[in-house]
Each structure stands twice: as structure tokens, then as C-alpha cells.
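Shown below: start.cif, with mmCIF, C-alpha atoms.
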```cif
data_query
#
loop_
_atom_site.label_atom_id
_atom_site.label_comp_id
_atom_site.auth_asym_id
_atom_site.auth_seq_id
_atom_site.Cartn_x
_atom_site.Cartn_y
_atom_site.Cartn_z
CA MET A 1 27.87 32.84 16.06
CA GLU A 2 27.91 32.85 19.85
CA ILE A 3 25.32 30.07 19.92
CA LEU A 4 27.37 27.94 17.51
CA ARG A 5 30.52 28.62 19.53
CA ASN A 6 28.79 27.56 22.75
CA MET A 7 27.56 24.36 21.07
CA TRP A 8 31.11 23.22 20.40
CA ARG A 9 32.66 24.12 23.74
CA ARG A 10 32.23 20.47 24.69
CA LYS A 11 32.78 18.88 21.31
CA PHE A 12 32.63 15.25 22.44
CA ARG A 13 29.40 15.65 24.40
CA THR A 14 27.71 17.66 21.64
CA THR A 15 28.82 15.14 19.03
CA LEU A 16 27.33 12.26 21.02
CA THR A 17 24.07 14.20 21.39
CA ILE A 18 23.92 14.89 17.66
CA ILE A 19 24.57 11.20 16.94
CA GLY A 20 21.59 10.35 19.14
CA ILE A 21 19.41 12.72 17.10
CA VAL A 22 20.86 11.35 13.83
CA ILE A 23 19.87 7.80 14.79
CA GLY A 24 16.35 8.88 15.69
CA ILE A 25 15.82 10.99 12.57
CA PHE A 26 17.39 8.28 10.40
CA ALA A 27 14.87 5.74 11.71
CA PHE A 28 12.03 8.24 11.35
CA THR A 29 13.03 9.07 7.75
CA VAL A 30 13.38 5.46 6.58
CA MET A 31 10.20 4.24 8.26
CA GLY A 32 8.32 7.38 7.32
CA SER A 33 9.26 6.92 3.65
CA MET A 34 8.01 3.35 3.85
CA ALA A 35 4.76 4.52 5.44
CA LEU A 36 4.32 7.14 2.70
CA LYS A 37 4.63 4.47 0.01
CA LEU A 38 2.24 2.09 1.77
CA ASN A 39 -0.26 4.89 2.38
CA LYS A 40 -0.03 5.88 -1.28
CA MET A 41 -0.81 2.32 -2.30
CA ILE A 42 -3.62 2.05 0.23
CA ALA A 43 -5.12 5.37 -0.88
CA GLY A 44 -5.11 4.21 -4.50
CA GLY A 45 -6.68 0.89 -3.53
CA LYS A 46 -9.30 2.62 -1.41
CA ASN A 47 -10.14 5.03 -4.22
CA TYR A 48 -10.69 2.08 -6.57
CA ILE A 49 -12.55 -0.22 -4.20
CA THR A 50 -14.96 2.51 -3.08
CA GLY A 51 -15.86 3.19 -6.71
CA GLN A 52 -17.75 -0.09 -6.99
CA ILE A 53 -19.80 -2.64 -5.07
CA SER A 54 -17.66 -5.74 -4.56
CA ILE A 55 -19.25 -9.18 -4.74
CA SER A 56 -17.79 -12.58 -3.92
CA PRO A 57 -19.38 -16.06 -3.86
CA ARG A 58 -20.37 -17.74 -0.62
CA GLY A 59 -17.98 -20.65 0.01
CA THR A 60 -14.35 -20.78 -1.04
CA ASP A 61 -13.23 -24.42 -0.96
CA PHE A 62 -13.70 -25.45 -4.58
CA MET A 63 -10.72 -27.83 -4.29
CA SER A 64 -13.12 -30.14 -2.49
CA GLY A 65 -15.91 -29.48 -4.94
CA THR A 66 -17.75 -26.82 -2.94
CA SER A 67 -18.97 -24.03 -5.19
CA SER A 68 -16.99 -20.85 -4.85
CA LEU A 69 -17.71 -19.31 -8.21
CA LEU A 70 -20.26 -16.80 -9.43
CA PRO A 71 -22.43 -18.43 -12.12
CA VAL A 72 -23.23 -16.28 -15.11
CA ASP A 73 -26.97 -16.70 -14.40
CA THR A 74 -26.53 -15.17 -10.94
CA LEU A 75 -24.65 -12.21 -12.42
CA ALA A 76 -27.42 -11.76 -14.98
CA GLU A 77 -30.02 -11.64 -12.19
CA ILE A 78 -27.95 -9.08 -10.27
CA ALA A 79 -27.82 -6.91 -13.39
CA LYS A 80 -31.65 -6.76 -13.40
CA VAL A 81 -31.88 -5.23 -9.91
CA GLU A 82 -33.21 -1.67 -9.89
CA GLY A 83 -30.34 0.81 -9.68
CA VAL A 84 -27.64 -1.49 -11.06
CA GLN A 85 -25.90 -0.06 -14.11
CA ALA A 86 -23.65 -3.01 -15.00
CA VAL A 87 -22.04 -6.14 -13.54
CA GLU A 88 -18.60 -7.46 -14.47
CA GLY A 89 -17.45 -10.93 -13.48
CA SER A 90 -13.73 -11.22 -12.90
CA VAL A 91 -10.87 -13.62 -12.28
CA SER A 92 -7.59 -12.86 -10.54
CA LEU A 93 -4.45 -14.97 -10.16
CA THR A 94 -0.71 -14.51 -9.85
CA LEU A 95 1.19 -13.80 -13.05
CA ASP A 96 3.70 -16.61 -12.48
CA ALA A 97 2.61 -20.11 -11.56
CA PRO A 98 3.86 -20.97 -8.05
CA ASP A 99 6.87 -23.28 -7.91
CA PRO A 100 6.33 -25.88 -5.14
CA ASP A 101 10.09 -26.58 -4.99
CA SER A 102 11.16 -23.00 -4.32
CA VAL A 103 10.70 -20.65 -1.40
CA SER A 104 10.81 -16.92 -2.15
CA MET A 105 10.10 -13.71 -0.28
CA SER A 106 8.53 -10.80 -2.09
CA PHE A 107 8.37 -7.17 -0.96
CA GLY A 108 5.31 -5.32 -2.15
CA GLN A 109 2.50 -6.68 -4.24
CA PRO A 110 3.27 -9.67 -6.51
CA ALA A 111 2.56 -9.37 -10.22
CA THR A 112 -1.09 -10.26 -10.71
CA ILE A 113 -3.35 -11.09 -13.64
CA ASN A 114 -6.57 -9.06 -13.52
CA SER A 115 -9.33 -9.76 -15.99
CA LEU A 116 -11.38 -7.20 -17.90
CA ASP A 117 -14.66 -7.77 -19.69
CA PRO A 118 -14.92 -4.86 -22.15
CA THR A 119 -18.40 -5.99 -23.24
CA SER A 120 -19.94 -5.77 -19.74
CA GLY A 121 -20.46 -2.00 -19.69
CA PHE A 122 -19.04 -1.83 -16.15
CA GLU A 123 -17.16 1.32 -15.19
CA ASN A 124 -15.57 2.04 -11.82
CA ARG A 125 -16.92 5.35 -10.51
CA ASN A 126 -13.50 6.58 -9.36
CA TRP A 127 -11.17 5.01 -11.96
CA LYS A 128 -12.87 5.71 -15.25
CA LYS A 129 -9.64 6.04 -17.20
CA MET A 130 -6.02 5.18 -16.49
CA ALA A 131 -3.06 7.18 -17.82
CA MET A 132 -0.96 5.32 -20.39
CA LYS A 133 2.82 5.50 -20.74
CA SER A 134 2.52 3.95 -24.19
CA GLY A 135 -0.05 2.04 -26.22
CA LYS A 136 -3.62 1.59 -24.95
CA MET A 137 -5.77 -0.18 -22.40
CA ILE A 138 -7.37 -3.31 -23.83
CA ASP A 139 -10.96 -2.75 -24.96
CA LYS A 140 -13.72 -4.47 -26.94
CA ASP A 141 -11.78 -3.96 -30.17
CA SER A 142 -8.64 -5.67 -28.82
CA ALA A 143 -7.68 -9.22 -29.77
CA VAL A 144 -8.43 -11.84 -27.14
CA ASN A 145 -4.73 -12.37 -26.43
CA ASP A 146 -3.86 -8.65 -26.09
CA ILE A 147 -2.72 -7.43 -22.67
CA THR A 148 -1.99 -4.11 -20.96
CA ILE A 149 0.66 -4.18 -18.25
CA GLY A 150 1.70 -2.02 -15.29
CA ILE A 151 5.02 -0.19 -15.26
CA THR A 152 6.47 -2.45 -12.54
CA VAL A 153 5.69 -5.57 -14.57
CA SER A 154 7.26 -3.95 -17.62
CA LEU A 155 10.49 -3.20 -15.76
CA ASP A 156 10.65 -6.48 -13.88
CA LYS A 157 9.98 -8.68 -16.93
CA SER A 158 11.67 -6.38 -19.47
CA TRP A 159 8.47 -6.42 -21.51
CA LYS A 160 8.01 -3.60 -24.01
CA LEU A 161 5.18 -2.37 -26.18
CA GLY A 162 4.63 -4.77 -29.10
CA ASP A 163 6.37 -7.72 -27.43
CA SER A 164 4.95 -11.23 -27.68
CA VAL A 165 5.26 -12.70 -24.19
CA ASP A 166 4.65 -16.07 -22.56
CA ILE A 167 2.26 -16.23 -19.59
CA ARG A 168 1.60 -19.64 -18.07
CA SER A 169 2.46 -21.37 -21.38
CA GLN A 170 0.25 -19.12 -23.51
CA LYS A 171 1.29 -16.31 -25.87
CA PHE A 172 0.08 -12.73 -25.40
CA ASN A 173 0.77 -9.41 -27.12
CA VAL A 174 1.64 -6.30 -25.09
CA VAL A 175 -0.52 -3.48 -26.52
CA GLY A 176 -0.19 -1.00 -23.66
CA ILE A 177 1.94 0.00 -20.66
CA LEU A 178 0.35 2.02 -17.85
CA GLU A 179 1.84 5.21 -16.46
CA LYS A 180 3.26 4.82 -12.96
CA THR A 181 0.52 5.03 -10.32
CA MET A 182 2.53 4.14 -7.17
CA THR A 183 -0.26 1.70 -6.31
CA GLY A 184 -1.79 -1.65 -7.32
CA PRO A 185 -2.05 -1.29 -11.12
CA ASP A 186 1.75 -0.95 -11.37
CA SER A 187 1.91 -4.72 -10.72
CA TYR A 188 -1.13 -5.73 -12.80
CA VAL A 189 -1.47 -7.51 -16.11
CA PHE A 190 -4.88 -6.72 -17.59
CA MET A 191 -6.18 -9.38 -19.96
CA ASN A 192 -9.48 -10.40 -21.51
CA LEU A 193 -11.79 -12.27 -19.11
CA SER A 194 -12.07 -15.31 -21.38
CA LYS A 195 -8.28 -15.84 -21.42
CA ALA A 196 -7.98 -15.20 -17.68
CA ARG A 197 -10.63 -17.89 -17.13
CA GLU A 198 -8.63 -20.36 -19.20
CA LEU A 199 -5.50 -19.74 -17.14
CA TYR A 200 -7.45 -19.93 -13.90
CA VAL A 201 -9.07 -23.25 -14.77
CA GLU A 202 -5.68 -24.67 -15.82
CA SER A 203 -4.21 -23.64 -12.46
CA ASN A 204 -6.99 -25.31 -10.45
CA PRO A 205 -6.98 -29.14 -10.38
CA PHE A 206 -10.69 -29.47 -9.55
CA LEU A 207 -11.90 -27.07 -12.24
CA LYS A 208 -9.47 -28.49 -14.79
CA SER A 209 -10.75 -32.00 -14.12
CA LEU A 210 -14.38 -30.80 -14.29
CA LYS A 211 -13.75 -29.10 -17.62
CA GLU A 212 -12.12 -32.23 -19.09
CA GLN A 213 -15.01 -34.36 -17.84
CA SER A 214 -17.55 -31.94 -19.34
CA GLU A 215 -16.10 -32.44 -22.80
CA SER A 216 -16.58 -36.20 -22.64
CA ALA A 217 -19.84 -36.00 -20.65
CA GLY A 218 -21.44 -33.99 -23.42
CA LYS A 219 -21.15 -37.01 -25.71
CA ILE A 220 -23.19 -39.25 -23.37
CA SER A 221 -26.84 -39.56 -24.41
CA ASP A 222 -29.74 -39.47 -21.97
CA SER A 223 -30.42 -43.18 -22.56
CA GLU A 224 -26.80 -44.07 -21.74
CA LEU A 225 -26.91 -41.80 -18.71
CA ALA A 226 -29.97 -43.62 -17.35
CA LYS A 227 -28.05 -46.93 -17.32
CA LEU A 228 -25.33 -45.60 -14.99
CA SER A 229 -25.29 -45.89 -11.20
CA PRO A 230 -26.70 -42.93 -9.23
CA GLU A 231 -23.21 -41.88 -8.13
CA ALA A 232 -21.79 -41.96 -11.65
CA ARG A 233 -24.90 -40.26 -13.03
CA ALA A 234 -24.52 -37.40 -10.50
CA GLN A 235 -20.90 -36.86 -11.54
CA ILE A 236 -21.81 -36.81 -15.22
CA VAL A 237 -24.66 -34.36 -14.63
CA GLN A 238 -22.29 -32.08 -12.71
CA ALA A 239 -19.73 -32.29 -15.50
CA LYS A 240 -22.37 -31.58 -18.16
CA SER A 241 -23.46 -28.43 -16.32
CA PHE A 242 -19.93 -26.95 -16.29
CA LYS A 243 -19.55 -23.78 -18.35
CA MET A 244 -16.51 -21.53 -18.66
CA GLU A 245 -18.87 -18.54 -18.36
CA ASP A 246 -19.57 -19.61 -14.77
CA VAL A 247 -15.91 -19.19 -13.77
CA SER A 248 -15.84 -15.85 -11.98
CA THR A 249 -14.17 -15.63 -8.59
CA SER A 250 -15.60 -12.18 -7.89
CA ALA A 251 -17.68 -9.47 -9.51
CA SER A 252 -17.96 -5.69 -9.52
CA VAL A 253 -21.19 -3.73 -9.69
CA SER A 254 -21.59 -0.13 -10.84
CA TRP A 255 -24.70 1.89 -10.05
CA LYS A 256 -26.76 4.40 -11.95
CA ASP A 257 -26.49 8.16 -11.33
CA GLY A 258 -28.49 9.27 -8.31
CA VAL A 259 -28.55 5.81 -6.73
CA ASP A 260 -27.26 5.37 -3.15
CA ALA A 261 -24.52 2.72 -3.44
CA ASP A 262 -24.81 1.62 0.19
CA LYS A 263 -28.59 1.16 -0.03
CA LEU A 264 -28.15 -0.77 -3.27
CA SER A 265 -25.58 -2.98 -1.51
CA GLU A 266 -28.15 -3.78 1.20
CA THR A 267 -30.70 -4.68 -1.48
CA LEU A 268 -28.27 -7.09 -3.12
CA LYS A 269 -27.44 -8.63 0.26
CA ASN A 270 -31.11 -9.29 0.98
CA ASP A 271 -32.04 -10.52 -2.52
CA PHE A 272 -29.04 -12.84 -2.97
CA LYS A 273 -28.06 -13.70 0.61
CA LYS A 274 -27.69 -17.42 -0.19
CA GLU A 275 -25.49 -16.92 -3.25
CA ILE A 276 -23.17 -13.98 -2.63
CA SER A 277 -21.35 -11.84 -0.09
CA VAL A 278 -21.57 -8.09 -0.67
CA MET A 279 -19.19 -5.35 0.47
CA SER A 280 -20.51 -1.82 0.09
CA PRO A 281 -18.14 1.06 -0.81
CA LYS A 282 -18.55 2.46 2.72
CA ALA A 283 -17.74 -0.88 4.41
CA MET A 284 -14.70 -1.43 2.20
CA GLY A 285 -13.43 2.08 2.91
CA GLU A 286 -13.77 1.62 6.68
CA LEU A 287 -11.98 -1.74 6.50
CA ILE A 288 -9.05 -0.21 4.62
CA ASP A 289 -8.88 2.75 7.02
CA LYS A 290 -8.61 0.44 10.03
CA ALA A 291 -5.81 -1.56 8.45
CA SER A 292 -3.99 1.64 7.47
CA ALA A 293 -4.27 3.13 10.96
CA THR A 294 -2.86 -0.01 12.59
CA MET A 295 0.05 -0.19 10.17
CA ASN A 296 0.93 3.50 10.59
CA ALA A 297 0.80 3.18 14.37
CA VAL A 298 3.37 0.37 14.27
CA ILE A 299 5.70 2.11 11.80
CA TYR A 300 5.64 5.58 13.32
CA GLY A 301 5.60 4.22 16.87
CA ALA A 302 8.92 2.48 16.34
CA ALA A 303 10.44 5.60 14.76
CA LEU A 304 9.17 7.92 17.49
CA LEU A 305 10.68 5.67 20.14
CA ALA A 306 14.10 6.34 18.65
CA LEU A 307 13.35 10.07 18.61
CA VAL A 308 12.44 10.09 22.30
CA VAL A 309 15.90 8.74 23.08
CA GLY A 310 17.43 11.59 21.07
CA LEU A 311 15.20 14.15 22.80
CA PHE A 312 16.36 13.10 26.27
CA SER A 313 19.97 13.20 25.16
CA ILE A 314 19.48 16.88 24.21
CA VAL A 315 17.89 17.58 27.60
CA ASN A 316 20.84 15.96 29.35
CA THR A 317 23.38 17.89 27.28
CA MET A 318 21.68 21.24 27.87
CA VAL A 319 21.31 20.66 31.62
CA MET A 320 25.02 19.84 31.87
CA SER A 321 25.93 22.81 29.70
CA ILE A 322 23.93 25.24 31.84
CA SER A 323 25.44 23.83 35.05
CA GLU A 324 28.92 24.43 33.66
CA ARG A 325 28.08 27.96 32.52
CA THR A 326 26.49 29.24 35.72
CA LYS A 327 29.17 31.93 36.08
CA GLU A 328 28.62 33.09 32.51
CA ILE A 329 24.87 33.33 33.04
CA GLY A 330 25.40 35.35 36.25
CA ILE A 331 27.69 37.84 34.49
CA LYS A 332 25.21 38.26 31.62
CA LYS A 333 22.35 38.92 34.02
CA ALA A 334 24.51 41.30 36.07
CA LEU A 335 25.23 43.25 32.88
CA GLY A 336 21.51 43.56 32.17
CA ALA A 337 20.58 40.47 30.14
CA SER A 338 16.85 39.74 30.53
CA ASN A 339 15.34 36.38 31.46
CA ARG A 340 13.79 36.25 28.01
CA SER A 341 17.12 36.72 26.19
CA ILE A 342 18.80 34.07 28.37
CA SER A 343 15.95 31.62 27.76
CA PHE A 344 15.94 32.36 24.02
CA GLU A 345 19.70 31.80 23.71
CA TYR A 346 19.70 28.36 25.33
CA THR A 347 16.47 27.23 23.65
CA LEU A 348 17.87 28.20 20.26
CA GLU A 349 21.12 26.36 21.03
CA ALA A 350 19.11 23.17 21.67
CA GLY A 351 17.20 23.80 18.43
CA PHE A 352 20.47 24.07 16.50
CA ILE A 353 21.63 20.74 17.92
CA GLY A 354 18.34 19.22 16.80
CA VAL A 355 18.51 20.65 13.30
CA VAL A 356 22.14 19.56 12.75
CA GLY A 357 21.23 16.02 13.79
CA GLY A 358 18.09 16.24 11.66
CA LEU A 359 19.97 17.29 8.54
CA ILE A 360 22.47 14.45 8.86
CA GLY A 361 19.83 11.87 9.84
CA ALA A 362 17.46 12.87 7.02
CA ALA A 363 20.29 12.79 4.48
CA LEU A 364 21.43 9.32 5.58
CA GLY A 365 17.84 8.05 5.76
CA GLY A 366 17.00 9.43 2.32
CA MET A 367 20.16 7.94 0.83
CA THR A 368 19.40 4.55 2.38
CA ALA A 369 15.82 4.58 1.11
CA TYR A 370 16.98 5.63 -2.38
CA LEU A 371 19.62 2.87 -2.60
CA LEU A 372 17.18 0.23 -1.36
CA ASN A 373 14.61 1.44 -3.89
CA GLN A 374 17.18 1.15 -6.68
CA LYS A 375 18.00 -2.39 -5.59
CA MET A 376 14.35 -3.43 -5.22
CA ALA A 377 13.31 -1.74 -8.47
CA SER A 378 15.03 -4.50 -10.42
CA GLN A 379 12.67 -6.92 -8.66
CA GLY A 380 9.66 -4.69 -9.31
CA ALA A 381 9.14 -3.76 -5.65
CA GLU A 382 10.04 -0.22 -4.60
CA ILE A 383 9.09 0.06 -0.95
CA PHE A 384 9.92 3.71 -0.19
CA LEU A 385 8.38 6.96 -1.40
CA LEU A 386 10.78 9.91 -1.38
CA GLU A 387 9.01 13.28 -1.35
CA PRO A 388 10.80 16.65 -0.85
CA SER A 389 7.99 17.94 1.35
CA PHE A 390 8.46 14.98 3.71
CA PHE A 391 12.19 15.68 4.11
CA ILE A 392 11.56 19.38 4.75
CA GLY A 393 9.02 18.34 7.38
CA VAL A 394 11.54 15.97 8.99
CA ILE A 395 14.16 18.73 9.32
CA VAL A 396 11.61 21.18 10.72
CA PHE A 397 10.45 18.46 13.11
CA SER A 398 14.02 17.84 14.30
CA PHE A 399 14.38 21.58 15.01
CA VAL A 400 11.12 21.54 16.98
CA ILE A 401 12.33 18.46 18.91
CA GLY A 402 15.46 20.38 19.86
CA ILE A 403 13.45 23.44 20.90
CA VAL A 404 11.10 21.32 23.04
CA ALA A 405 14.04 19.51 24.64
CA GLY A 406 15.69 22.84 25.44
CA LEU A 407 12.68 24.54 27.03
CA VAL A 408 13.13 23.18 30.57
CA PRO A 409 16.92 23.70 30.76
CA ALA A 410 16.52 27.18 29.24
CA ALA A 411 13.80 28.09 31.75
CA ARG A 412 16.11 26.91 34.54
CA ALA A 413 18.88 29.17 33.23
CA ALA A 414 16.53 32.16 32.95
CA LYS A 415 15.30 31.79 36.54
CA MET A 416 18.80 31.62 37.97
CA LYS A 417 19.39 34.43 40.49
CA VAL A 418 22.33 36.76 39.92
CA VAL A 419 23.51 36.40 43.52
CA ASP A 420 23.66 32.58 43.25
CA ALA A 421 25.47 32.73 39.95
CA VAL A 422 28.01 35.31 41.15
CA ARG A 423 28.89 33.10 44.13
CA GLU A 424 30.42 30.68 41.62
CA LEU A 425 33.02 33.30 40.64
#
```
Spell out the structure here as C-alpha cells.
Amino acid sequence: MEILRNMWRRKFRTTLTIIGIVIGIFAFTVMGSMALKLNKMIAGGKNYITGQISISPRGTDFMSGTSSLLPVDTLAEIAKVEGVQAVEGSVSLTLDAPDPDSVSMSFGQPATINSLDPTSGFENRNWKKMAMKSGKMIDKDSAVNDITIGITVSLDKSWKLGDSVDIRSQKFNVVGILEKTMTGPDSYVFMNLSKARELYVESNPFLKSLKEQSESAGKISDSELAKLSPEARAQIVQAKSFKMEDVSTSASVSWKDGVDADKLSETLKNDFKKEISVMSPKAMGELIDKASATMNAVIYGAALLALVVGLFSIVNTMVMSISERTKEIGIKKALGASNRSISFEYTLEAGFIGVVGGLIGAALGGMTAYLLNQKMASQGAEIFLLEPSFFIGVIVFSFVIGIVAGLVPAARAAKMKVVDAVREL
């Protein structure tokens, strides 16, 4: 009670100090909640990406005609490599076709179409099965136009189990909704690879044109082809060779039990160095860790800067308080108070200031994060993760900040000589 009474002897000064702590803890809570959500997403992504060997084609500018796809023959050759269990070609594109006349800003990951090939036999080593909120994940027994959607897509689009929905001018049936994962799959629409390829080709002018040309080129006989100019003949031959099975923008490789995934990745790099780029599970994990470390440094750095300001305000308040209470300290020491008890009293007072500011700052920060989450949830993009353990940690941290800030002023009070203090009487 004495400590609390001493805190409020100078109400205005103590209030200003607490406000400084509140601002720092508020910033730390909001940014920390954002970092928790991002780290949760990154951890989920890392867990998935390190459960497979990721393959992409060499070259990316297929708008100009340069190959950037993985032909089915190449995938078949990869599947024959010793140690490979299965290979799955895949296609990924945004759920909604981009509108060139609109400019929008999205928080979080946009809704994305991810293809599945249930007949490939591929299985991610870390994500063998996903929890379902309702329905099922599409499999080899599903119809070609069946889809399974993430919880964020379900909420954002108001799609429910059994609904017939329109995606890029085609009809699909929702047969499953995933349980909330707090990571990538929440914003995914899983569909059969063949349908994803159709949508991808339709969205790409070059591939769409090539597909249309292939249909007419197939009707041209070899004798008619020989009469054409070399340039026209080359175009027709290219069109004739087009196959939907060759439309894979990436591929995933699983390995057999007992096989070293990183050594297998090196083998694939050496055997197919002209056709593909290979990222081993280890390399992908390191890449994600570096990105995560940089992002956390920026987020927590900004929050800690605000806390430093609050810490110095506590130091200033305690120094002023001790200067004003020199007489009181002298009387206490004259009556037998030990240096330890004096130091403990003033350190604890600083800790109380820290914890009061921490409680208010954490409450305001948590409320702000919750309200922003509620607002963003309607757009399918919650950007904060609110965990009780984090808030308990924030309050404990604010108490520690107060204690640390009070150590020097408290030590100064404890070392004060009785004679010097009594002179102030």
C-alpha cells in the first residue's frame, strides 16, 4: 500500500510516465500480434515446402513464346530417377481474374487456385492429410469440377458445402471446406489439375492462341505442310506439338523412405540442369528462415523503439521522485532501514508503474488488433494472431521493463548516506 501511495504522490508526473509505457506496450502488442500471425503462416509454409522437392522450369517469359512450362515427358523422366517416389505437375493462379481497370490493395495472401493430381501418387512428407471442417478433400473419385476450399475463401465468398460456384466463367461444386490452419491453405481453392490447366491457358494469351492454333493445325496434312513457307511451317509444327498435359508451371517430387532428399535434389539438378531448376527442402527452409528473420527484425525493432522511450520516462520519474524524497529516505535509514529494503521498495515502485502501463497498453493493443481482425475478416484477411500466452508475456515484460528502469535510481537511493539525507531536514 505504501508503494502505491508513493506512486501517486505526484499524480500528473506518474500519469505521464504510465502513458509513455502504454504507448510503447500498445505498439509492441499490435506489432507483436502481427508478427505472430506472419510467423504462423511462415511456419506452415515452411513445413509444407520442406516436405517436398520443388521444381520449376528454366525460363519464365512464355508471353514471348519462350518455354516456361514443364512438359509431361520431362516429368515422366524425373519419375524414373532412383529414389523418386512420385512427381506431381501443378498449376497455380489467382482465384479471380485481374481487372485491368481497377486498383486494389490486399492484406494477406490473395485467394489462389492450387491444382491437385490425385492420380500422381505424390504425397507431401509433412502434410499427408489436412483437417476438414466439412466435406472432403478432392481425390481420384471426385468429379473433375469438384473443389475443396479454405476457410477464408468460404467466408469471403460466402461459399458453403454443396454450393455450385462460378470461377473464371466455369462452374464448380464445393465438396469440402478445410479447417482453419492460420496459414496458406486458408486462402486456397484446390481443384483437379486438368481444370486448373484449362483456366490457366485461358488466362494466358500466348498459350490460349497456341491451343487454338493446335486445333486447326492438326487438320493440316503433311503434304499441305510441305507447301508452306519455312516460317509458316515452323509455326504449324509448334502448334501441332502443343498438348494440355505439358502445361505445368511447377512440380513437386516426393522421395522414397530412407532416401536423402538433399542428395536426391542434387541428382535431379545434375541430370536435368538444362530443363529445370531444383530447390531442395534444406535450401527452401533456409530461404524462408532468412525472410522471416528480416521481417521480425523490422516489426519488433519498431516496437522496441517505442518501449525504450517508455523505459527512459520511468528512469526520469524515479530519479525525480528519489530527489524529492531524500528526507524520507534519511529518516528510514536512521530508523534502521537497510540498503536492501530501500532498494527493493523503489525498484518495486518502478515495476508497478511498468505493469500498470503494460496492462493498459496490452488491453488497448489487443482490442485494436481484435477490431481490425473483425473488419479484415469480411475481406478474408485477418492479419493479427491473438494468443493469451503472448499477452501474459507482454504484461510480465512490462513489469521487467519497470524493474530494469528502476534499478539505477533505486541503487542511488540505497547508497544515500544518512548524514547527507538528514541535512535536508
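Selection check: the PyMOL selection byres ((chain A and resi 166) around 12) on the shown file gives A:Leu95, A:Asp96, A:Ala97, A:Asn145, A:Asp146, A:Ile147, A:Lys157, A:Trp159, A:Asp163, A:Ser164, A:Val165, A:Ile167, A:Arg168, A:Ser169, A:Gln170, A:Lys171, A:Phe172, A:Asn173, A:Val174.
Once the PyMOL selection byres ((chain A and resi 28) around 9) is applied to the shown structure, the selection contains A:Ile23, A:Gly24, A:Ile25, A:Phe26, A:Ala27, A:Thr29, A:Val30, A:Met31, A:Gly32, A:Ser33, A:Ile299, A:Tyr300, A:Ala302, A:Ala303, A:Leu304, A:Ala306, A:Leu307, A:Gly361, A:Ala362, A:Gly365, A:Val394.
As for atom CA of A:Ala76 and atom CA of A:Leu93, they are spaced 23.7 Å apart.
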Resolved residues for the PyMOL selection byres ((chain A and resi 120) around 8) as a PyMOL selection string: chain A and resi 86-88+117-119+121-122
Keeping only C-alpha atoms, write the selected residues to a file as a PDB file, in the coordinates of the input.
```
ATOM      1  CA  ALA A  86     -23.650  -3.010 -15.000  1.00  0.00           C
ATOM      2  CA  VAL A  87     -22.040  -6.140 -13.540  1.00  0.00           C
ATOM      3  CA  GLU A  88     -18.600  -7.460 -14.470  1.00  0.00           C
ATOM      4  CA  ASP A 117     -14.660  -7.770 -19.690  1.00  0.00           C
ATOM      5  CA  PRO A 118     -14.920  -4.860 -22.150  1.00  0.00           C
ATOM      6  CA  THR A 119     -18.400  -5.990 -23.240  1.00  0.00           C
ATOM      7  CA  GLY A 121     -20.460  -2.000 -19.690  1.00  0.00           C
ATOM      8  CA  PHE A 122     -19.040  -1.830 -16.150  1.00  0.00           C
TER       9      PHE A 122
END
```
Distance cut-off 9 Å, centre (-11.4, -2.1, -25.2) in file coordinates, counting all atoms listed in the file: which residues qualify? Return them as a VMD selection string. chain A and resid 116 to 119 136 to 142
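Using all atoms listed in the file, the shortest contact distance between A:Glu77 and any of A:Ile49, A:Ser203, A:Asp271, A:Arg125 is found at A:Asp271.
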Could you check the closest approach to A:Leu386 for each of A:Ser250, A:Met182, A:Ile331, A:Arg197 and tell me which residue wins, using all atoms listed in the file?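 Among A:Ser250, A:Met182, A:Ile331, A:Arg197, it is A:Met182 that comes nearest to A:Leu386.
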The residues within 10 Å of (11.1, 18.8, 17.5), using only C-alpha atoms and the coordinates of the file, should be reported as a PyMOL selection string; which are they? chain A and resi 307+311+351+354-355+358+394-405
Figure out the distance between atom CA of A:Leu359 and atom CA of A:Ala293, please, to one decimal in Å.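 If I compute the distance from atom CA of A:Ala293 to atom CA of A:Leu359, I get 28.2 Å.
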Which is closer to A:Gln85 than all the others in A:Leu199, A:Leu155, A:Leu348, A:Val253, using all atoms listed in the file?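 The closest residue to A:Gln85 is A:Val253.
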Rebuild stretch 82-94 of chain A to N, CA and C atoms - output it as a short mmCIF file (atom, residue, chain, number, x, y, z; two decimals), in the frame of the given file, please.
```cif
data_model
loop_
_atom_site.label_atom_id
_atom_site.label_comp_id
_atom_site.auth_asym_id
_atom_site.auth_seq_id
_atom_site.Cartn_x
_atom_site.Cartn_y
_atom_site.Cartn_z
N GLU A 82 -33.02 -3.10 -9.70
CA GLU A 82 -33.21 -1.67 -9.89
C GLU A 82 -32.04 -0.87 -9.31
N GLY A 83 -31.46 -0.02 -10.12
CA GLY A 83 -30.34 0.81 -9.68
C GLY A 83 -28.99 0.32 -10.16
N VAL A 84 -28.91 -0.95 -10.57
CA VAL A 84 -27.64 -1.49 -11.06
C VAL A 84 -27.42 -1.03 -12.50
N GLN A 85 -26.24 -0.49 -12.76
CA GLN A 85 -25.90 -0.06 -14.11
C GLN A 85 -25.29 -1.21 -14.91
N ALA A 86 -24.31 -1.90 -14.31
CA ALA A 86 -23.65 -3.01 -15.00
C ALA A 86 -22.96 -3.91 -13.98
N VAL A 87 -22.73 -5.16 -14.38
CA VAL A 87 -22.04 -6.14 -13.54
C VAL A 87 -20.91 -6.76 -14.37
N GLU A 88 -19.74 -6.85 -13.78
CA GLU A 88 -18.60 -7.46 -14.47
C GLU A 88 -18.02 -8.58 -13.62
N GLY A 89 -18.11 -9.81 -14.13
CA GLY A 89 -17.45 -10.93 -13.48
C GLY A 89 -15.95 -10.83 -13.70
N SER A 90 -15.18 -11.34 -12.76
CA SER A 90 -13.73 -11.22 -12.90
C SER A 90 -12.99 -12.41 -12.31
N VAL A 91 -11.76 -12.56 -12.76
CA VAL A 91 -10.87 -13.62 -12.28
C VAL A 91 -9.52 -12.98 -11.99
N SER A 92 -8.89 -13.39 -10.90
CA SER A 92 -7.59 -12.86 -10.54
C SER A 92 -6.68 -14.00 -10.10
N LEU A 93 -5.44 -13.98 -10.56
CA LEU A 93 -4.45 -14.97 -10.16
C LEU A 93 -3.06 -14.40 -10.37
N THR A 94 -2.07 -15.01 -9.72
CA THR A 94 -0.71 -14.51 -9.85
C THR A 94 -0.20 -14.67 -11.28
#
```
